[in-house]
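**Student:** Here you go, one structure.
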Amino acid sequence: MSIRQKISLPFIVMFLATWFLGSSAFGYYFSRSLEEKKSDEIEALGQIIFRDFEKTKNQLEIHARLISENHQIIEAIKSENTPDLLQNVLPLKTSLSLDLIKIVDQDGNKLIDLRVPLLTHATLFDQIAISQAIHGVNLSSMIATKSPVVYVLVGTAPIKSQEGIVGGVIVGHAISNDLLKEISEGLDKDIVALHQQQQIASTLPNGNQIQWHNVLNGKNRDSPKIFPSRPKTQELYINQQPYMAKPIVIHGLANTKLELLLLSPLQSLRQSQRRLWIAVGIFSLLGVAIASTMGYLIAGAISRPIKKVTDASTQLADGDLTIRVPVISRDELSQLAQGFNFMAEQIQQRDRELKLKMQELQDTLEKLSVTQLQLVQSEKMAGLGQIVAGIAHELNNPVTFIYGNVEHAFDYIEDLLNLISAYQQEYPEPTEALAETIEEIDLYFLIYDLKKILQSMKYGAERIKSIILDLRNFSRLDEADLKSVNLLEGLENTLKILQYRFKPQANRPEIQLVKDYQNLPLVECYAAKMNQVFMNILSNAIDALEMVANPMIKIKTKFAENLQQVQVAIYDNGCGITEEIISKIFDPFFTTKPVGKGTGMGLAVSYQVIVDQHGGLLECVSKPGQGSEFLITLPIRHQQGISDHISDKV
């Protein structure tokens with residue numbers, strides 16, 4: 001057998017088998033889909049018809065109420081004036097198109113009983129309905145008659161006067177051919193009403209000639225039993241014609257039960273299914289032609305494997321290391337293809353290993369550079385913190401001395417001033433020499449201004465103490481370890497350190513600071529590093545506000561209790577940042593500032609502190625011309641081991 005035959009024959013057989021199986025499955029699936037769609041349609045229509053019957057019963061109850069509330073009818077019942085009662089009821093029977101109106105007195109005795117000819121000689125089983133009406137109950141249900149058997153949808157209502165119930169009224173519609181036609185109008189379906197498998201009403205032409213007992217009990221071809229146990233949609237054969245049938249059961253008083261059949265002919269469905277299978281057959285024949293043609297073409301193409309190996313060798317020489325020759329047989333040409341594939345695999349493996357080594361070297365170099373700069377930055381911040389803490393400590397002692405003595409000086413001078421005041425009261429007329437001295441030193445101004453001077457000295461000492469406290473809080477050398485801190489306190493300390501930068505400058509007015517703080521719980525973090533992050537982001541925000549007419553920085557904090565996270569948002573109304581820059585903004589050494597003004601490590605270090613050391617998020621939201629917002633999200637409980645893992649890795 002030639003190579004072409006080895007390839008083409010199995011291909012054609014498998015293709016045809018798959019094609020026929022797929023075509024058959026396709027035909028079966030869509031045939032079943034048509035039947036299920038028809039079944040769903042008849043189910044939906046059955047629900048609509050059931051609701052129509054319920055609506056009719058409710059409408060009858062409304063009609064009964066309308067008659068019971070007629071004042072003239074009430075007066076006629078009270079006066080036992082039957083002619084007058086009949087005169088008032090007859091127009092209502094006509095206008096409301098009722099088949100039955102029966103009015104009784106409060107004892108259940110019949111006053112009038114108006115019926116259509118179908119019900120004239122029938123015996124109504126209406127005792128329960130009458131009892132409900134004269135006992136004050138409004139009712140909508142169904143009753144039956146005998147001789148002949150007729151089912152009647154009824155509504156009842158008590159007839160009341162000011163003295164109480166004087167009677168009751170029953171109105172009804174007989175379930176007849178006309179009522180079924182009215183309900184099924186526009187549905188293009190037929191309805192049959194049955195009693196003990198005998199038709200009592202139908203919309204089918206010649207429906208009374210059908211042997212419903214045989215149809216319902218499965219004696220007509222393959223029809224299953226449809227009543228009474230399982231009212232599901234089923235297929236029936238009526239006069240050798242297929243129908244989709246939906247059983248509907250209407251319950252009434254005294255265990256009255258009316259069986260309805262909603263019928264939909266299936267001739268159009270069967271025709272659609274026949275057309276579908278014809279199309280599937282044509283499709284299968286088309287598949288035979290396609291399979292034969294494709295098998296011949298594929299076999300012809302594979303019969304030239306030497307050319308394929310040659311082409312693959314050329315592509316490999318040009319740098320395409322992924323090229324392989326398919327091995328589709330075990331003939332003498334497969335050894336050539338396998339040898340080529342082994343050679344290409346070895347070349348690709350060597351190339352992959354070389355690229356991996358180069359990438360590892362490059363990553364190691366980048367990590368070393370980043371680590372070196374981070375260490376320098378950390379040492380700088382640590383040195384700055386030590387200097388700030390040292391200055392604060394050295395200034396704290398003399399300022400404390402000054403602040404403590406100002407209080408005593410204030411008290412002593414107050415005592416002296418009180419003494420002078422006492423002398424003036426004791427000697428209101430000073431000597432001439434003393435008066436000249438008082439005028440020369442301007443005693444009254446001196447007394448007034450001395451208090452102000454002491455108050456200014458006290459305020460200055462307090463201000464220096466506050467600045468020293470801010471410097472010590474910002475450096476936080478005593479809080480280098482992980483602990484629970486108040487982020488708002490660290491944020492406020494940072495703002496105080498940067499307060500001088502908010503003042504008016506030559507190229508911009510004073511920066512407006514807007515604070516929208518929500519109370520935050522204590523957050524477990526490295527306090528000094530968080531202050532460094534606040535300092536970096538706020539400094540960048542201030543730098544971004546140069547040449548802005550109305551500069552503003554807004555700081556907003558919030559606590560997401562359900563996520564156990566806090567968020568600090570720092571917004572500036574500067575010029576904004578493009579998407580291209582946002583994608584690089586946290587990269588080490590990246591900066592948009594002029595040479596000498598920035599190292600490009602502020603945001604990179606901040607990102608490492610927030611994300612790597614605290615397991616949080618640091619995001620930038622910005623558009624050109626719309627300002628920038630940095631979002632810091634931190635868990636209130638530090639994730640154990642993150643910082644140690646990052647430090648070991650570095």
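We label chains A, B, ... in the order they appear in the structure tokens, count residues from 1 in each chain, and number ligands from 1 in the order shown.
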Counting only C-alpha atoms, what is within 9 Å of A:Ser24, bar same-chain residues fewer than 3 positions away, as JSON, numbers by chain?
**Tutor:** {"A": [19, 20, 21, 27, 28, 29, 277, 280, 281, 284]}
**Student:** Quick one: residues within 8 Å of stretch 128-136 of chain A, only C-alpha atoms, excluding same-chain residues fewer than 2 positions away - as a list of chain:residue names?
**Tutor:** A:Val104, A:Asp105, A:Gln106, A:Asp107, A:Gly108, A:Phe125, A:Asp126, A:Asn138, A:Leu139, A:Thr156, A:Ala157, A:Pro158, A:Ile159, A:Ile165, A:Val166, A:Gly167, A:Gly168, A:Val169, A:Ile170, A:Leu253, A:Ala254
**Student:** Any chance you can output those residues with C-alpha atoms as a PDB file, in the first residue's frame?
**Tutor:**
ATOM      1  CA  VAL A 104     -82.612  33.136  47.930  1.00  0.00           C
ATOM      2  CA  ASP A 105     -83.870  34.645  51.156  1.00  0.00           C
ATOM      3  CA  GLN A 106     -82.026  34.528  54.463  1.00  0.00           C
ATOM      4  CA  ASP A 107     -83.387  31.023  55.134  1.00  0.00           C
ATOM      5  CA  GLY A 108     -82.142  29.680  51.815  1.00  0.00           C
ATOM      6  CA  PHE A 125     -75.788  20.920  43.366  1.00  0.00           C
ATOM      7  CA  ASP A 126     -75.675  24.416  44.857  1.00  0.00           C
ATOM      8  CA  ASN A 138     -68.216  35.818  49.023  1.00  0.00           C
ATOM      9  CA  LEU A 139     -67.225  32.851  46.897  1.00  0.00           C
ATOM     10  CA  THR A 156     -71.795  34.057  45.270  1.00  0.00           C
ATOM     11  CA  ALA A 157     -72.384  37.034  47.545  1.00  0.00           C
ATOM     12  CA  PRO A 158     -74.568  37.763  50.576  1.00  0.00           C
ATOM     13  CA  ILE A 159     -77.343  40.352  50.177  1.00  0.00           C
ATOM     14  CA  ILE A 165     -78.196  39.604  55.812  1.00  0.00           C
ATOM     15  CA  VAL A 166     -81.536  39.292  53.998  1.00  0.00           C
ATOM     16  CA  GLY A 167     -80.514  36.726  51.397  1.00  0.00           C
ATOM     17  CA  GLY A 168     -77.927  35.548  48.946  1.00  0.00           C
ATOM     18  CA  VAL A 169     -77.227  35.535  45.197  1.00  0.00           C
ATOM     19  CA  ILE A 170     -75.588  32.959  42.930  1.00  0.00           C
ATOM     20  CA  LEU A 253     -67.320  22.734  45.479  1.00  0.00           C
ATOM     21  CA  ALA A 254     -68.200  19.326  46.953  1.00  0.00           C
TER      22      ALA A 254
END
**Student:** Taking only C-alpha atoms into account, which of A:Thr633, A:Asp572, A:Ile511, A:Tyr517 comes nearest A:Ala560?
**Tutor:**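 For A:Ala560, the nearest of the candidates is A:Thr633.
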**Student:** Name the residues in contact with A:Glu561 at a cut-off of 12 Å, using only C-alpha atoms, excluding same-chain residues fewer than 5 positions from it; report them as a list in words.
**Tutor:**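 Here the qualifying residues turn out to be Asn519, Leu520, Pro521, Val566, Gln567, Pro635 and Ile636 of chain A.
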**Student:** Emit the selected residues as a PDB file, in the first residue's frame, including N, CA and C atoms.
**Tutor:**
ATOM      1  N   ASN A 519     -12.317  58.527  61.766  1.00  0.00           N
ATOM      2  CA  ASN A 519     -11.582  57.893  62.861  1.00  0.00           C
ATOM      3  C   ASN A 519     -11.065  56.531  62.428  1.00  0.00           C
ATOM      4  N   LEU A 520      -9.774  56.299  62.677  1.00  0.00           N
ATOM      5  CA  LEU A 520      -9.138  55.051  62.278  1.00  0.00           C
ATOM      6  C   LEU A 520      -8.749  54.254  63.523  1.00  0.00           C
ATOM      7  N   PRO A 521      -8.831  52.942  63.446  1.00  0.00           N
ATOM      8  CA  PRO A 521      -8.315  52.119  64.550  1.00  0.00           C
ATOM      9  C   PRO A 521      -6.789  52.111  64.526  1.00  0.00           C
ATOM     10  N   VAL A 566      -7.595  50.007  56.393  1.00  0.00           N
ATOM     11  CA  VAL A 566      -7.677  51.465  56.417  1.00  0.00           C
ATOM     12  C   VAL A 566      -7.102  52.005  55.109  1.00  0.00           C
ATOM     13  N   GLN A 567      -7.579  53.181  54.728  1.00  0.00           N
ATOM     14  CA  GLN A 567      -7.102  53.779  53.479  1.00  0.00           C
ATOM     15  C   GLN A 567      -6.824  55.259  53.712  1.00  0.00           C
ATOM     16  N   PRO A 635      -3.757  46.689  55.815  1.00  0.00           N
ATOM     17  CA  PRO A 635      -4.527  45.876  56.772  1.00  0.00           C
ATOM     18  C   PRO A 635      -4.223  46.346  58.187  1.00  0.00           C
ATOM     19  N   ILE A 636      -5.233  46.326  59.058  1.00  0.00           N
ATOM     20  CA  ILE A 636      -4.994  46.817  60.418  1.00  0.00           C
ATOM     21  C   ILE A 636      -4.182  45.814  61.225  1.00  0.00           C
TER      22      ILE A 636
END
**Student:** Please determine, counting only C-alpha atoms, which residue among A:Glu259, A:Asp411, A:Asp363, A:Glu436 has the shortest atom-to-atom distance to A:Ile175.
**Tutor:**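 Closest to A:Ile175, using only C-alpha atoms: A:Glu259.
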**Student:** With only C-alpha atoms as the atoms that count, which of A:Tyr526, A:Ile555, A:Glu80, A:Ala461 lies nearest to A:Leu491?
**Tutor:** A:Ile555
**Student:** Would you kindly return, as a VMD selection string, each protein, DNA or RNA residue with an atom no farther than 12 Å from any atom of A:Ala409, considering only C-alpha atoms and excluding same-chain residues fewer than 5 positions away?
**Tutor:** chain A and resid 402 to 404 414 to 416 450 to 451 453 to 455 457 to 458
**Student:** To test your reading of the structure, identify every residue in stretch 409-521 of chain A that backbone DSSP assigns to strand (DSSP E or B), and report it as a list in words.
**Tutor:**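 Those residues are Lys483, Ser484, Val485, Gln505, Arg508, Gln512, Leu513, Val514, Lys515 and Asp516 of chain A.
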**Student:** If DSSP is run on the backbone, what residues of stretch 385-626 of chain A are alpha helix (DSSP H)? A reply as a count of residues only would be ideal.
**Tutor:** 124
**Student:** Mind checking which residues fall within 9 Å of A:Arg501, counting only C-alpha atoms, ignoring those fewer than 3 positions away in the same chain, and posting them as an MDAnalysis selection string?
**Tutor:** chainID A and resid 497:498 504:505 510:511 539 542
**Student:** With a distance cut-off of 9 Å and only C-alpha atoms, select the neighbouring residues of A:Val192, excluding the residue or stretch itself and same-chain residues fewer than 5 positions from it, and output the selection as a PyMOL selection string.
**Tutor:** chain A and resi 177+180+199-204+207+259-263
**Student:** Ranking A:Ile238, A:Leu90, A:Ala433, A:Ala44 by minimum distance to A:Gln209 and counting only C-alpha atoms, which one comes first?
**Tutor:**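 Nearest candidate to A:Gln209 out of A:Ile238, A:Leu90, A:Ala433, A:Ala44: A:Ile238.
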